[in-house]
Amino acid sequence: ASQGYVLTSDSNGLAAWEKSVMKYTVTQSFIANTTYSISHNLDSKSIVYNLWNEETGDSIIPSIRITDLNTVELIVTQDIDNARVVIIS
């Protein structure tokens with residue numbers, strides 16, 4: 001087994017090693033209409049992301065571009081001093 005994998009089994013008892021869910025999180029300040037590169041190092045373009053303002057709890061909907069297996073670019077439409085970014089693969 002390798003780090004980041006879990007042993008799973010189907011209903012017939014057939015076991016297989018599968019990649020487990022991995023997460024990256026960071027708190028980031030944003031300036032409106034500025035591109036920010038986030039290096040998550042999850043080695044995947046199959047990601048789910050969420051952003052919110054840590055002070056208000058409001059969701060943030062960015063423009064996002066997946067640039068490679070480990071990096072995304074985000075643009076938001078307003079200045080945010082304390083945003084939480086979570087990326088899951």
# chains A, B, ... in the order shown; residues from 1 in each chain; ligands from 1

$ select_by_dssp --residues "chain A" --states "strand (DSSP E)" --output "ChimeraX atom specification"
/A:5-9,15-19,23-30,36-39,48-53,63-68,71-75,80-88

$ closest_atom_pairs --of "segment 31-50 of chain A" --to "segment 72-86 of chain A" --cutoff "7 Å" --atoms "only C-alpha atoms" --output "CSV"
residue,atom,partner,partner_atom,distance
A:Ile31,CA,A:Asp79,CA,4.4
A:Ala32,CA,A:Gln78,CA,4.3
A:Asn33,CA,A:Thr77,CA,5.5
A:Thr34,CA,A:Ile75,CA,5.8
A:Thr35,CA,A:Ile75,CA,5.0
A:Tyr36,CA,A:Leu74,CA,5.2
A:Ser37,CA,A:Glu73,CA,4.5
A:Ile38,CA,A:Val72,CA,5.3
A:Ser39,CA,A:Val72,CA,6.7
A:Tyr49,CA,A:Val86,CA,5.6
A:Asn50,CA,A:Val86,CA,5.3

$ closest_residue --among "A:Ile61, A:Ile87, A:Val6, A:Ile66" --to "Leu42 of chain A" --atoms "only C-alpha atoms"
A:Ile87

$ atom_distance --atom1 "atom CA of Ile60 of chain A" --atom2 "atom CA of Met22 of chain A"
21.7 Å

$ closest_residue --among "A:Val26, A:Leu14, A:Val21, A:Leu69" --to "Leu51 of chain A" --atoms "only C-alpha atoms"
A:Val26

$ closest_residue --among "A:Tyr5, A:Ser59, A:Asp68, A:Ser44" --to "Lys19 of chain A" --atoms "only C-alpha atoms"
A:Tyr5

$ decode --residues "chain A" --atoms "C-alpha atoms" --output "tab-separated table (two decimals), in the first residue's frame"
chain	number	residue	atom	x	y	z
A	1	ALA	CA	0.00	0.00	0.00
A	2	SER	CA	1.01	3.58	-0.60
A	3	GLN	CA	0.20	6.70	1.35
A	4	GLY	CA	-3.09	8.20	0.18
A	5	TYR	CA	-4.69	4.84	-0.71
A	6	VAL	CA	-7.34	2.81	1.11
A	7	LEU	CA	-8.18	-0.87	0.84
A	8	THR	CA	-11.73	-1.35	-0.41
A	9	SER	CA	-13.84	-4.43	-1.04
A	10	ASP	CA	-16.83	-5.14	-3.27
A	11	SER	CA	-19.85	-7.33	-2.35
A	12	ASN	CA	-17.95	-10.44	-3.54
A	13	GLY	CA	-15.02	-9.77	-1.23
A	14	LEU	CA	-12.70	-8.66	-4.06
A	15	ALA	CA	-10.21	-6.24	-2.52
A	16	ALA	CA	-8.56	-3.32	-4.31
A	17	TRP	CA	-6.38	-0.36	-3.35
A	18	GLU	CA	-8.02	2.93	-4.31
A	19	LYS	CA	-6.87	6.51	-3.99
A	20	SER	CA	-8.47	8.15	-0.95
A	21	VAL	CA	-10.01	11.61	-0.85
A	22	MET	CA	-7.43	14.30	-0.22
A	23	LYS	CA	-7.95	17.94	0.80
A	24	TYR	CA	-6.10	21.24	0.61
A	25	THR	CA	-7.19	24.32	2.54
A	26	VAL	CA	-5.83	27.84	2.91
A	27	THR	CA	-6.97	31.25	4.12
A	28	GLN	CA	-6.33	33.86	1.45
A	29	SER	CA	-6.97	37.58	0.94
A	30	PHE	CA	-8.23	38.57	-2.51
A	31	ILE	CA	-8.26	41.83	-4.45
A	32	ALA	CA	-11.14	42.09	-6.91
A	33	ASN	CA	-10.45	41.05	-10.52
A	34	THR	CA	-6.92	39.86	-9.75
A	35	THR	CA	-5.79	36.35	-10.68
A	36	TYR	CA	-4.50	34.22	-7.80
A	37	SER	CA	-2.66	30.97	-8.38
A	38	ILE	CA	-3.33	28.30	-5.73
A	39	SER	CA	-0.97	25.30	-5.64
A	40	HIS	CA	-2.90	22.46	-3.99
A	41	ASN	CA	-0.56	19.56	-4.91
A	42	LEU	CA	-3.44	17.03	-5.10
A	43	ASP	CA	-2.16	15.62	-8.41
A	44	SER	CA	-5.59	15.73	-10.08
A	45	LYS	CA	-7.78	17.86	-12.34
A	46	SER	CA	-10.85	16.13	-10.85
A	47	ILE	CA	-11.43	18.52	-7.98
A	48	VAL	CA	-14.28	20.05	-6.01
A	49	TYR	CA	-13.77	23.51	-4.52
A	50	ASN	CA	-15.51	25.80	-2.06
A	51	LEU	CA	-14.76	29.36	-0.95
A	52	TRP	CA	-16.32	31.47	1.77
A	53	ASN	CA	-15.69	34.64	3.71
A	54	GLU	CA	-14.40	33.61	7.14
A	55	GLU	CA	-15.75	36.79	8.78
A	56	THR	CA	-19.33	36.63	7.45
A	57	GLY	CA	-19.74	32.98	6.41
A	58	ASP	CA	-20.94	34.12	2.97
A	59	SER	CA	-20.20	31.85	0.02
A	60	ILE	CA	-17.87	33.19	-2.65
A	61	ILE	CA	-18.31	32.16	-6.27
A	62	PRO	CA	-15.02	32.68	-8.10
A	63	SER	CA	-14.05	32.33	-11.69
A	64	ILE	CA	-11.79	29.26	-11.68
A	65	ARG	CA	-9.34	27.81	-14.18
A	66	ILE	CA	-7.62	24.47	-13.62
A	67	THR	CA	-4.14	25.05	-15.01
A	68	ASP	CA	-2.58	21.64	-14.30
A	69	LEU	CA	-2.79	18.64	-11.94
A	70	ASN	CA	-1.67	20.74	-8.96
A	71	THR	CA	-2.74	24.32	-9.59
A	72	VAL	CA	-5.89	26.40	-10.03
A	73	GLU	CA	-6.31	30.08	-10.78
A	74	LEU	CA	-9.07	32.01	-9.01
A	75	ILE	CA	-10.60	35.43	-9.67
A	76	VAL	CA	-13.24	37.02	-7.43
A	77	THR	CA	-15.32	40.13	-8.11
A	78	GLN	CA	-14.81	41.87	-4.76
A	79	ASP	CA	-12.04	42.49	-2.24
A	80	ILE	CA	-12.04	39.87	0.53
A	81	ASP	CA	-9.65	40.05	3.48
A	82	ASN	CA	-10.19	36.59	4.93
A	83	ALA	CA	-11.43	33.93	2.52
A	84	ARG	CA	-11.23	30.19	3.17
A	85	VAL	CA	-10.38	28.09	0.11
A	86	VAL	CA	-10.99	24.33	0.26
A	87	ILE	CA	-10.08	22.02	-2.63
A	88	ILE	CA	-10.91	18.30	-2.51
A	89	SER	CA	-9.74	15.57	-4.86
